[in-house]
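> Enclosed is the structure file target-v8.cif (mmCIF, C-alpha atoms).
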data_input
loop_
_atom_site.label_atom_id
_atom_site.label_comp_id
_atom_site.auth_asym_id
_atom_site.auth_seq_id
_atom_site.Cartn_x
_atom_site.Cartn_y
_atom_site.Cartn_z
CA MET A 1365 -24.37 -21.13 83.78
CA SER A 1366 -26.43 -20.88 80.60
CA LYS A 1367 -25.90 -23.25 77.68
CA THR A 1368 -24.64 -20.39 75.51
CA SER A 1369 -22.07 -19.28 78.08
CA LYS A 1370 -20.87 -22.85 78.50
CA ASN A 1371 -20.42 -23.27 74.75
CA ILE A 1372 -18.47 -20.01 74.46
CA MET A 1373 -16.21 -21.08 77.31
CA ASN A 1374 -15.71 -24.44 75.59
CA VAL A 1375 -14.59 -22.65 72.41
CA ALA A 1376 -12.05 -20.63 74.42
CA PHE A 1377 -10.93 -23.82 76.17
CA TYR A 1378 -10.40 -25.74 72.90
CA LEU A 1379 -8.36 -22.88 71.46
CA ALA A 1380 -6.27 -22.59 74.63
CA VAL A 1381 -5.57 -26.34 74.67
CA PHE A 1382 -4.54 -26.29 71.00
CA LEU A 1383 -2.12 -23.37 71.43
CA THR A 1384 -0.77 -24.55 74.79
CA LEU A 1385 -0.02 -28.01 73.43
CA GLN A 1386 1.95 -26.51 70.55
CA ILE A 1387 3.95 -24.28 72.88
CA ILE A 1388 4.69 -27.05 75.39
CA ILE A 1389 5.92 -29.50 72.73
CA GLU A 1390 8.10 -26.79 71.17
CA LEU A 1391 9.62 -25.91 74.55
CA ILE A 1392 10.26 -29.56 75.41
CA GLY A 1393 11.93 -30.07 72.03
CA ALA A 1394 13.99 -26.90 72.50
CA PHE A 1395 15.03 -28.01 76.01
CA ILE A 1396 16.18 -31.45 74.85
CA TYR A 1397 17.99 -30.03 71.82
CA GLY A 1398 19.59 -27.34 73.99
CA GLN A 1399 20.83 -29.89 76.52
CA MET A 1400 22.39 -31.92 73.73
CA ASN A 1401 24.11 -28.89 72.18
CA ASP A 1402 24.84 -26.74 75.24
CA LEU A 1403 22.30 -24.06 74.30
CA SER A 1404 19.57 -22.34 76.30
CA ILE A 1405 15.89 -22.89 75.53
CA THR A 1406 15.64 -19.23 74.46
CA GLN A 1407 18.49 -19.60 71.98
CA VAL A 1408 16.97 -22.71 70.43
CA VAL A 1409 13.46 -21.23 70.21
CA MET A 1410 14.74 -18.01 68.61
CA ARG A 1411 16.73 -19.96 66.04
CA MET A 1412 13.75 -22.19 65.30
CA ALA A 1413 11.61 -19.09 64.73
CA SER A 1414 14.18 -17.67 62.31
CA GLY A 1415 14.15 -20.80 60.16
CA MET A 1416 17.17 -22.52 61.68
CA TYR A 1417 16.89 -25.99 63.21
CA SER A 1418 14.08 -26.71 60.76
CA GLU A 1419 14.36 -30.45 61.42
CA LEU A 1420 13.48 -29.77 65.06
CA THR A 1421 10.58 -27.53 64.00
CA VAL A 1422 9.22 -30.28 61.75
CA LEU A 1423 9.52 -32.89 64.51
CA THR A 1424 7.77 -30.75 67.14
CA ASN A 1425 4.99 -29.86 64.68
CA ILE A 1426 4.37 -33.52 63.88
CA ILE A 1427 4.30 -34.49 67.55
CA SER A 1428 2.03 -31.61 68.60
CA SER A 1429 -0.36 -32.33 65.70
CA LEU A 1430 -0.49 -36.03 66.58
CA LEU A 1431 -1.14 -35.34 70.26
CA THR A 1432 -3.81 -32.79 69.33
CA ILE A 1433 -5.66 -35.31 67.17
CA ILE A 1434 -5.46 -38.00 69.85
CA LEU A 1435 -6.57 -35.69 72.67
CA PHE A 1436 -9.48 -34.04 70.85
CA THR A 1437 -10.86 -37.30 69.46
CA MET A 1438 -10.43 -39.40 72.63
CA ALA A 1439 -11.97 -36.64 74.79
CA ARG A 1440 -14.78 -36.41 72.19
CA TRP A 1441 -14.30 -32.68 71.87
CA SER A 1442 -14.28 -33.50 68.16
CA PRO A 1443 -16.44 -36.63 67.80
CA VAL A 1444 -15.42 -39.19 65.20
CA SER A 1445 -18.03 -41.12 63.22
CA LYS A 1446 -18.08 -43.34 60.14
CA ASN A 1447 -21.59 -42.20 59.19
CA TYR A 1448 -20.49 -39.71 56.55
CA LEU A 1449 -18.08 -42.12 54.88
CA ALA A 1450 -20.84 -44.73 54.89
CA SER A 1451 -22.82 -42.45 52.55
CA LYS A 1452 -20.02 -42.88 49.94
CA PRO A 1453 -19.56 -39.15 49.20
CA TRP A 1454 -16.98 -39.70 46.47
CA GLY A 1455 -18.47 -36.96 44.31
CA VAL A 1456 -18.07 -34.45 47.15
CA PHE A 1457 -14.44 -35.44 47.57
CA THR A 1458 -13.76 -35.06 43.84
CA TRP A 1459 -15.37 -31.63 43.59
CA THR A 1460 -13.63 -30.51 46.79
CA PHE A 1461 -10.32 -31.44 45.19
CA LEU A 1462 -11.18 -29.40 42.08
CA LEU A 1463 -12.56 -26.48 44.11
CA THR A 1464 -9.28 -26.16 45.98
CA ILE A 1465 -7.25 -26.16 42.77
CA GLY A 1466 -9.53 -23.42 41.45
CA THR A 1467 -8.83 -21.16 44.45
CA VAL A 1468 -5.04 -21.06 44.13
CA LEU A 1469 -4.50 -18.45 41.39
CA PRO A 1470 -7.47 -16.17 42.22
CA LEU A 1471 -6.51 -15.95 45.90
CA GLU A 1472 -2.89 -15.23 45.05
CA TRP A 1473 -4.04 -12.48 42.67
CA ILE A 1474 -6.25 -10.96 45.38
CA TYR A 1475 -3.38 -10.91 47.88
CA GLU A 1476 -1.12 -9.21 45.36
CA GLN A 1477 -3.74 -6.54 44.62
CA MET A 1478 -4.03 -5.92 48.37
CA GLN A 1479 -0.21 -5.82 48.57
CA ILE A 1480 -0.14 -8.34 51.39
CA ASN A 1481 3.11 -10.17 52.01
CA ILE A 1482 4.12 -12.82 54.51
CA PRO A 1483 6.57 -11.43 57.12
CA GLU A 1484 10.21 -12.33 56.44
CA TYR A 1485 10.59 -14.36 59.65
CA THR A 1486 7.50 -16.43 58.82
CA GLU A 1487 8.71 -16.93 55.26
CA ALA A 1488 12.10 -18.10 56.55
CA LEU A 1489 10.41 -20.50 58.95
CA PHE A 1490 8.30 -22.08 56.22
CA GLU A 1491 11.21 -22.23 53.79
CA GLY A 1492 13.13 -24.27 56.36
CA ILE A 1493 10.20 -26.66 56.86
CA MET A 1494 9.56 -27.03 53.12
CA LYS A 1495 13.17 -28.10 52.52
CA GLU A 1496 13.08 -30.88 55.08
CA PRO A 1497 12.33 -34.48 53.94
CA TRP A 1498 9.60 -34.78 56.59
CA GLY A 1499 8.33 -31.26 55.93
CA TYR A 1500 5.51 -32.47 53.70
CA PHE A 1501 4.29 -34.90 56.35
CA ALA A 1502 4.13 -32.04 58.87
CA ILE A 1503 2.50 -29.46 56.59
CA GLY A 1504 0.60 -31.59 54.09
CA ILE A 1505 -0.72 -34.39 56.30
CA MET A 1506 -0.59 -33.71 60.03
CA ALA A 1507 -1.43 -29.98 60.02
CA PRO A 1508 -4.64 -30.38 57.95
CA LEU A 1509 -5.83 -33.24 60.16
CA ALA A 1510 -5.07 -31.49 63.45
CA GLU A 1511 -6.47 -28.09 62.41
CA GLU A 1512 -9.69 -29.54 61.03
CA VAL A 1513 -10.18 -31.61 64.17
CA VAL A 1514 -9.80 -28.47 66.32
CA PHE A 1515 -11.29 -25.63 64.27
CA ARG A 1516 -14.15 -27.42 62.55
CA GLY A 1517 -14.69 -30.59 64.57
CA ALA A 1518 -14.53 -28.86 67.96
CA ILE A 1519 -14.76 -25.07 67.68
CA LEU A 1520 -17.24 -24.69 64.79
CA ARG A 1521 -19.33 -27.63 66.02
CA THR A 1522 -19.68 -25.83 69.36
CA LEU A 1523 -20.38 -22.43 67.80
CA LEU A 1524 -23.19 -23.93 65.72
CA ASN A 1525 -24.88 -24.74 69.04
CA VAL A 1526 -24.56 -21.10 70.14
CA PHE A 1527 -26.43 -19.64 67.17
CA SER A 1528 -29.76 -20.61 65.68
CA GLN A 1529 -30.10 -22.63 62.49
CA ARG A 1530 -30.71 -19.45 60.46
CA GLN A 1531 -27.62 -17.84 62.01
CA HIS A 1532 -25.23 -20.61 61.00
CA TRP A 1533 -23.21 -18.16 58.89
CA ILE A 1534 -22.38 -16.21 62.04
CA ALA A 1535 -20.89 -19.35 63.57
CA ILE A 1536 -18.97 -20.08 60.35
CA THR A 1537 -17.66 -16.50 60.16
CA VAL A 1538 -16.59 -16.44 63.81
CA SER A 1539 -14.75 -19.74 63.42
CA ALA A 1540 -13.06 -18.42 60.26
CA ILE A 1541 -11.94 -15.27 62.12
CA ILE A 1542 -10.46 -17.41 64.89
CA PHE A 1543 -8.77 -19.65 62.34
CA GLY A 1544 -7.25 -16.64 60.57
CA ALA A 1545 -6.16 -14.97 63.81
CA ILE A 1546 -4.12 -17.94 65.09
CA HIS A 1547 -1.74 -17.55 62.13
CA MET A 1548 -0.49 -14.35 63.79
CA ASN A 1549 0.19 -12.34 60.62
CA LEU A 1550 -2.00 -10.45 58.17
CA ALA A 1551 -1.16 -12.41 55.00
CA GLN A 1552 -1.80 -15.85 56.45
CA GLY A 1553 -4.63 -14.45 58.55
CA ILE A 1554 -6.62 -13.26 55.53
CA HIS A 1555 -5.90 -16.51 53.69
CA GLY A 1556 -6.96 -18.49 56.77
CA PHE A 1557 -10.15 -16.46 57.07
CA LEU A 1558 -11.19 -16.92 53.43
CA MET A 1559 -10.36 -20.62 53.46
CA GLY A 1560 -12.04 -20.90 56.86
CA LEU A 1561 -15.32 -19.69 55.35
CA LEU A 1562 -15.22 -22.47 52.74
CA LEU A 1563 -14.08 -25.07 55.26
CA GLY A 1564 -16.79 -24.01 57.70
CA TRP A 1565 -19.47 -24.11 55.01
CA MET A 1566 -18.46 -27.65 54.08
CA TYR A 1567 -18.53 -28.75 57.71
CA TYR A 1568 -21.95 -27.19 58.26
CA ARG A 1569 -23.36 -28.98 55.22
CA THR A 1570 -21.83 -32.39 55.99
CA HIS A 1571 -21.15 -32.38 59.73
CA SER A 1572 -17.89 -34.10 58.83
CA ILE A 1573 -14.33 -32.79 58.81
CA ILE A 1574 -13.34 -35.07 55.92
CA PRO A 1575 -14.16 -32.64 53.05
CA GLY A 1576 -12.26 -29.94 54.97
CA VAL A 1577 -9.27 -32.22 55.48
CA ILE A 1578 -9.19 -32.89 51.73
CA MET A 1579 -9.36 -29.19 50.91
CA HIS A 1580 -6.72 -28.36 53.52
CA TRP A 1581 -4.49 -31.19 52.26
CA VAL A 1582 -4.74 -30.12 48.60
CA ASN A 1583 -4.06 -26.46 49.46
CA ASN A 1584 -0.97 -27.26 51.54
CA SER A 1585 0.25 -29.86 49.05
CA ILE A 1586 0.12 -27.38 46.17
CA SER A 1587 2.15 -24.89 48.23
CA PHE A 1588 4.73 -27.56 49.03
CA ILE A 1589 4.98 -28.78 45.44
CA MET A 1590 5.29 -25.29 43.96
CA PHE A 1591 7.95 -24.32 46.51
CA ASN A 1592 10.12 -27.31 45.66
CA LEU A 1593 9.49 -27.60 41.91
CA MET A 1594 9.48 -23.89 41.09
CA PRO A 1595 11.72 -22.21 43.70
CA GLU A 1596 12.28 -19.23 41.38
CA LEU A 1597 8.65 -18.18 42.00
CA ASN A 1598 8.88 -18.10 45.79
CA ASP A 1599 10.01 -14.46 45.83
CA GLY A 1600 8.13 -13.48 42.70
CA LYS A 1601 4.65 -12.51 41.62
CA LEU A 1602 1.83 -14.41 39.99
CA ILE A 1603 2.67 -12.91 36.61
CA ASP A 1604 6.13 -14.53 36.81
CA LEU A 1605 4.40 -17.89 36.51
CA PHE A 1606 3.24 -16.73 33.06
CA HIS A 1607 6.64 -15.28 32.07
CA GLY A 1608 5.44 -11.68 32.37
CA ASP A 1609 2.52 -12.11 29.96
CA ASP A 1610 -0.55 -10.25 31.30
CA ARG A 1611 -2.86 -11.88 28.79
CA MET A 1612 -1.76 -15.37 29.77
CA MET A 1613 -2.11 -14.52 33.45
CA TYR A 1614 -5.70 -13.36 33.07
CA MET A 1615 -6.47 -16.41 30.96
CA GLY A 1616 -5.09 -18.51 33.79
CA LEU A 1617 -7.30 -16.68 36.29
CA GLY A 1618 -10.31 -17.18 34.02
CA PHE A 1619 -9.55 -20.88 33.67
CA SER A 1620 -9.28 -21.15 37.46
CA MET A 1621 -12.71 -19.57 37.86
CA CYS A 1622 -14.06 -22.08 35.32
CA ILE A 1623 -12.92 -24.76 37.76
CA PHE A 1624 -13.91 -22.97 40.97
CA LEU A 1625 -17.47 -21.90 40.14
CA PRO A 1626 -18.75 -25.25 38.76
CA SER A 1627 -17.09 -27.03 41.69
CA LEU A 1628 -18.80 -24.70 44.16
CA PHE A 1629 -22.13 -25.26 42.41
CA GLN A 1630 -21.71 -29.04 42.45
CA LEU A 1631 -20.80 -29.04 46.13
CA ALA A 1632 -23.80 -26.87 46.96
CA ILE A 1633 -26.00 -29.54 45.34
CA ARG A 1634 -24.21 -32.61 46.67
CA MET A 1635 -23.83 -31.32 50.25
CA ARG A 1636 -27.44 -30.38 50.84
CA ARG A 1637 -28.36 -30.88 54.48
#
Could you render the structure as structure tokens?

Amino acid sequence: MSKTSKNIMNVAFYLAVFLTLQIIIELIGAFIYGQMNDLSITQVVMRMASGMYSELTVLTNIISSLLTIILFTMARWSPVSKNYLASKPWGVFTWTFLLTIGTVLPLEWIYEQMQINIPEYTEALFEGIMKEPWGYFAIGIMAPLAEEVVFRGAILRTLLNVFSQRQHWIAITVSAIIFGAIHMNLAQGIHGFLMGLLLGWMYYRTHSIIPGVIMHWVNNSISFIMFNLMPELNDGKLIDLFHGDDRMMYMGLGFSMCIFLPSLFQLAIRMRR
């Protein structure tokens, strides 16, 4: 077997392990909960998917994320090293934080122009998780860590060995497509793809998942905070944030770009290979 074929098979294997682990933990949780409440696994899983039993969904997500991190790091599918932290990249972390903040409004505006909406069942599922006390730990902490370990630390790292140095953007794009596809709906898929391009670029430049974890954490944290502090906007549009004032909305978008573009420029300088 050629080295390229082996790497492609490894990518498929990592993805299969990630998805299988999530499914198994969810089924185990559904089985235990069903036994305690005289329900079938199918009934529990269907209710979890519709946003009910959100506490069980949060628990299974935390457990599957934790096991994913442990498995991928201990098996060295996603190698862990202190080398990047030893370089004291505090400037990169700061600009990554600002870059993520600068993406929020422009991306939301783009999705609205494309008339892309999250499916109702997915929205109900996330609403249930967001309302749980441990929901932030599942979405804001564990999910960013687990997904960066898998999709950048394992999958993108392997894809970069498939393509030449000059073709690194192909590897980044492929990993972003995979990352978008696993969300299983168009709205999250496009968001995952666009964010995956930035996350992949940062990994390629640093060979560390830490900048990606920070970006992922900030993005998910903003979603969680806005959901809980401004629930009236959850079913609304971006313009509702500006009380229906078009001028204020476009000023907000312009201000976001004034954060995003300088942050991108600074990262391009500070993350030179």
> What does the structure give for the distance between CA of Gly1492 (chain A) and CA of Val1409 (chain A), in Å to one decimal?
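Atom-to-atom, CA of Gly1492 (chain A) and CA of Val1409 (chain A) are spaced 14.2 Å apart.
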> For Ala1488 (chain A), which residue out of A:Ser1620, A:Val1582, A:Tyr1417, A:Leu1605 is the nearest one, using all atoms listed in the file?
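With all atoms listed in the file as the atom set, the closest residue is A:Tyr1417.
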> Which neighbours of region 1532-1536 of chain A fall inside 6 Å, counting only C-alpha atoms, when residues of the same chain fewer than 5 positions from it are skipped, and could you give them as an MDAnalysis selection string?
chainID A and resid 1523:1524 1564
> Under the rule that only C-alpha atoms are counted, which of A:Val1444, A:Ile1426, A:Ile1519, A:Ala1394 is the nearest residue to Phe1377 (chain A)?
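Comparing A:Val1444, A:Ile1426, A:Ile1519, A:Ala1394 against Phe1377 (chain A), the winner is A:Ile1519.
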> What do you get, as number ranges by chain, if you spell out every residue that the PyMOL selection byres ((chain A and resi 1625) around 12) selects here?
A: 1459-1460, 1462-1467, 1470, 1618-1624, 1626-1632
> Counting only C-alpha atoms, which residues sit no farther than 10 Å from the position (-19.8, -27.1, 55.4) in the file's frame? I'd like them as a PyMOL selection string.
chain A and resi 1516+1536+1561-1573+1575-1576+1631-1632+1635-1637
> Using all atoms listed in the file for the distances, tell me which of A:Ile1405, A:Tyr1397, A:Met1478, A:Trp1498 is nearest to Leu1423 (chain A).
A:Trp1498
> Give me the result of the PyMOL selection byres ((chain A and resi 1551-1556) around 12) on this file, residue by residue, as a VMD selection string.
chain A and resid 1467 to 1468 1470 to 1476 1478 to 1484 1486 to 1487 1490 1511 1515 1537 1539 to 1550 1557 to 1564 1580 1583 to 1584
> Considering all atoms listed in the file, return as number ranges by chain whatever protein or nucleic-acid residues lie within 10 Å of Met1613 (chain A), sequence-local ones (same chain, fewer than 3 positions apart) excluded.
A: 1469, 1473, 1602-1610, 1616-1619
> Which residue, A:Ile1503, A:Met1438, A:Leu1420, A:Ile1388, has the smallest gap to Val1408 (chain A) when you use only C-alpha atoms?
A:Leu1420
> State, in Å with one decimal place, the distance from CA of Val1514 (chain A) to CA of Ile1389 (chain A).
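These atoms are spaced 17.0 Å apart.
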